[in-house]
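Trainee: Attaching a single structure in structure tokens format; questions to follow.
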Amino acid sequence: MLTIELVDLAALVALNSQPLIQENPRMVNDAIHSYWSASRCRLDRWGRGLRAAEQTLSLDSPLPPEVSQLWHEILVGEIPTRVVGALFTAHDEFHQYEGVAPIGRNVLYGHIDARRRTLQQIQTAHKKEQLPNSDFTQLFARCSRWNDLLLGYIFRHAPVGEFAFDIDRAREFSFDTGSPSSEMVTNDIAVTFLRGSLRMGLTMSEEQDCYSSDLNYQIAAAIMACFGPELFDSFGLLKSGWLHRMESMANDTIALVDNLVEKDLERIRWQR
């Protein structure tokens with residue numbers, strides 16, 4: 001799974017943050033554990049890759065494509081890590097439950113450390129002119145702006161400034177997003193626009209193959225599983241808020257009818 005596809009998922013999660021936060025009192029424990037485990041495994045793989053990259057930088061030879069793929073994955077992958085951490089924190093705050101926010105923060109702290117090491121290596125590579133055709137500095141700047149834009153959608157429901165690169169910028173984006181008058185149409189248009197813009201701005205030629213494709217897939221699957229299957233349709237897409245509420249009302253109605261019928265049958269038996 002490509003890193004940009006994780007960013008697609010982050011955009012979907014951010015745009016639909018309200019039902020994910022408010023209509024799901026508890027997250028699935030197994031999925032939370034899977035998210036933490038896969039994220040830690042990816043951090044360990046990055047650590048080994050960064051140590052190997054340091055040895056490569058000490059030589060006067062061109063960088064192998066695996067190094068560029070690693071740097072790209074670390075820089076771009078910080079967006080979904082921050083968005084998911086913000087969503088976990090907003091979920092705990094809304095439900096007054098300290099359960100998943102520490103996990104989101106723990107994964108983010110490890111990611112920040114990997115990103116700092118990456119930027120140091122990129123600076124060294126630029127000085128040695130080992131990156132003639134790739135500008136990772138501009139890529140990181142674009143990632144930080146896109147991250148704060150996506151956080152703006154979550155900022156409407158909870159103060160998650162700790163996950164922003166620039167808290168004032170994220171707060172401004174939260175005012176710009178406003179309150180969608182038509183949830184289904186607005187989200188469809190926004191997701192289409194964001195996916196196209198994100199891919200144009202964050203995809204580089206080095207991402208023809210992903211450094212941690214298998215772990216990215218596990219992380220994406222765990223994120224979707226955290227919220228339970230009732231918020232997704234048979235295609236794995238988020239249901240609209242009104243559809244989820246209608247299904248909840250229908251289930252409550254069926255349960256109420258079953259309860260009334262059971263009481264009537266019990267009353268009839270007693271009368272006999």
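By order in the structure tokens, chains are A, B, ...; within a chain, residues start at 1; ligands start at 1, following the order shown.
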Applying 12 Å and only C-alpha atoms, which residues near Ser37 of chain A remain after dropping the ones on its own chain fewer than 3 positions away? List them as a compact mmCIF listing (two decimals) with C-alpha atoms, in the first residue's frame.

Mentor:
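Done, and the output landed in result38.txt:
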```
# COMPACT_ATOMS: atom_id res chain seq x y z
CA ASP A 30 -8.04 -5.51 19.05
CA ALA A 31 -7.89 -2.93 16.26
CA ILE A 32 -6.23 -0.38 18.53
CA HIS A 33 -3.61 -2.97 19.47
CA SER A 34 -3.09 -3.80 15.78
CA ARG A 40 5.84 0.24 16.09
CA CYS A 41 7.02 -2.38 13.59
CA ARG A 42 7.16 0.29 10.90
CA LEU A 43 9.13 2.60 13.20
CA ASP A 44 11.62 -0.21 13.84
CA ILE A 103 -1.58 5.35 21.84
CA GLY A 104 -1.97 8.00 19.15
CA ASN A 106 3.02 7.45 21.44
CA VAL A 107 3.04 6.55 17.75
CA LEU A 215 2.82 -2.42 7.24
CA ASN A 216 1.03 0.54 5.63
CA GLN A 218 -1.95 -3.22 8.23
CA ILE A 219 -2.10 0.31 9.64
CA ALA A 222 -6.48 -1.20 11.78
```

Trainee: Just to confirm, what's the straight-line distance from atom CA of Trp46 of chain A to atom CA of Leu70 of chain A in Å (one decimal)?

Mentor: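 These two atoms are separated by 7.2 Å.
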
Trainee: Please, what distance in Å, to one decimal, runs between atom CA of Leu150 of chain A and atom CA of Ala11 of chain A?

Mentor: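 Atom-to-atom, atom CA of Leu150 of chain A and atom CA of Ala11 of chain A are spaced 6.4 Å apart.
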
Trainee: Between A:Gly110, A:Gly99, A:Gly161, A:Pro65, which residue has the minimum interatomic distance to Asn147 of chain A, considering only C-alpha atoms?

Mentor: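 Checking each of A:Gly110, A:Gly99, A:Gly161, A:Pro65 against Asn147 of chain A, counting only C-alpha atoms, the winner is A:Gly161.
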
Trainee: Between A:Thr89, A:Gln96, A:Asn24, A:Ser212, which is the closest to Ser39 of chain A once you count only C-alpha atoms?

Mentor: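 With only C-alpha atoms as the atom set, the closest residue is A:Ser212.
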
Trainee: Could you name the residues that touch Gln55 of chain A at 12 Å or less, counting only C-alpha atoms, but leaving out those on the same chain fewer than 4 positions away, as a list in words?

Mentor: Arg48, Gly49, Leu50, Arg51, Leu59, Asp60, Ser61, Leu63, Pro64, Val67, Gln121 and Ala125 of chain A

Trainee: Put those residues in a file: C-alpha atoms, as a short mmCIF file (atom, residue, chain, number, x, y, z; two decimals), in the first residue's frame.

Mentor:
```cif
data_model
loop_
_atom_site.label_atom_id
_atom_site.label_comp_id
_atom_site.auth_asym_id
_atom_site.auth_seq_id
_atom_site.Cartn_x
_atom_site.Cartn_y
_atom_site.Cartn_z
CA ARG A 48 17.11 0.17 10.46
CA GLY A 49 16.67 1.92 7.12
CA LEU A 50 17.90 5.25 8.48
CA ARG A 51 20.99 3.62 9.96
CA LEU A 59 30.24 7.39 0.79
CA ASP A 60 30.64 9.51 -2.34
CA SER A 61 28.13 7.51 -4.35
CA LEU A 63 21.79 7.33 -3.19
CA PRO A 64 19.93 4.08 -3.88
CA VAL A 67 16.64 5.72 0.60
CA GLN A 121 20.04 13.18 6.41
CA ALA A 125 22.61 14.76 1.09
#
```

Trainee: May I ask for the distance between atom CA of Trp36 of chain A and atom CA of Ala86 of chain A, given in Å to one decimal place?

Mentor: 14.9 Å

Trainee: Kindly indicate which residue among A:Arg26, A:Arg82, A:His126, A:His95 lies nearest to Pro62 of chain A, using only C-alpha atoms for the distances.

Mentor: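 Of the candidates, the smallest distance to Pro62 of chain A is held by A:His126.
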
Trainee: Have a look at A:Leu20, A:Leu15, A:Asp214, A:Ile74 and name the one nearest to Ser174 of chain A; count only C-alpha atoms.

Mentor: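 Distance minimum relative to Ser174 of chain A lands on A:Leu15.
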
Trainee: Between A:Ala141, A:Gly196, A:Tyr35, A:Glu5, single out the one closest to Ala225 of chain A, counting only C-alpha atoms.

Mentor: A:Tyr35

Trainee: Looking at A:Ser144, A:Thr137, A:Gln120, A:Thr81, which one is nearest to Leu6 of chain A, with distances taken over only C-alpha atoms?

Mentor: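 Going through A:Ser144, A:Thr137, A:Gln120, A:Thr81 one by one, the smallest distance to Leu6 of chain A is for A:Thr81.
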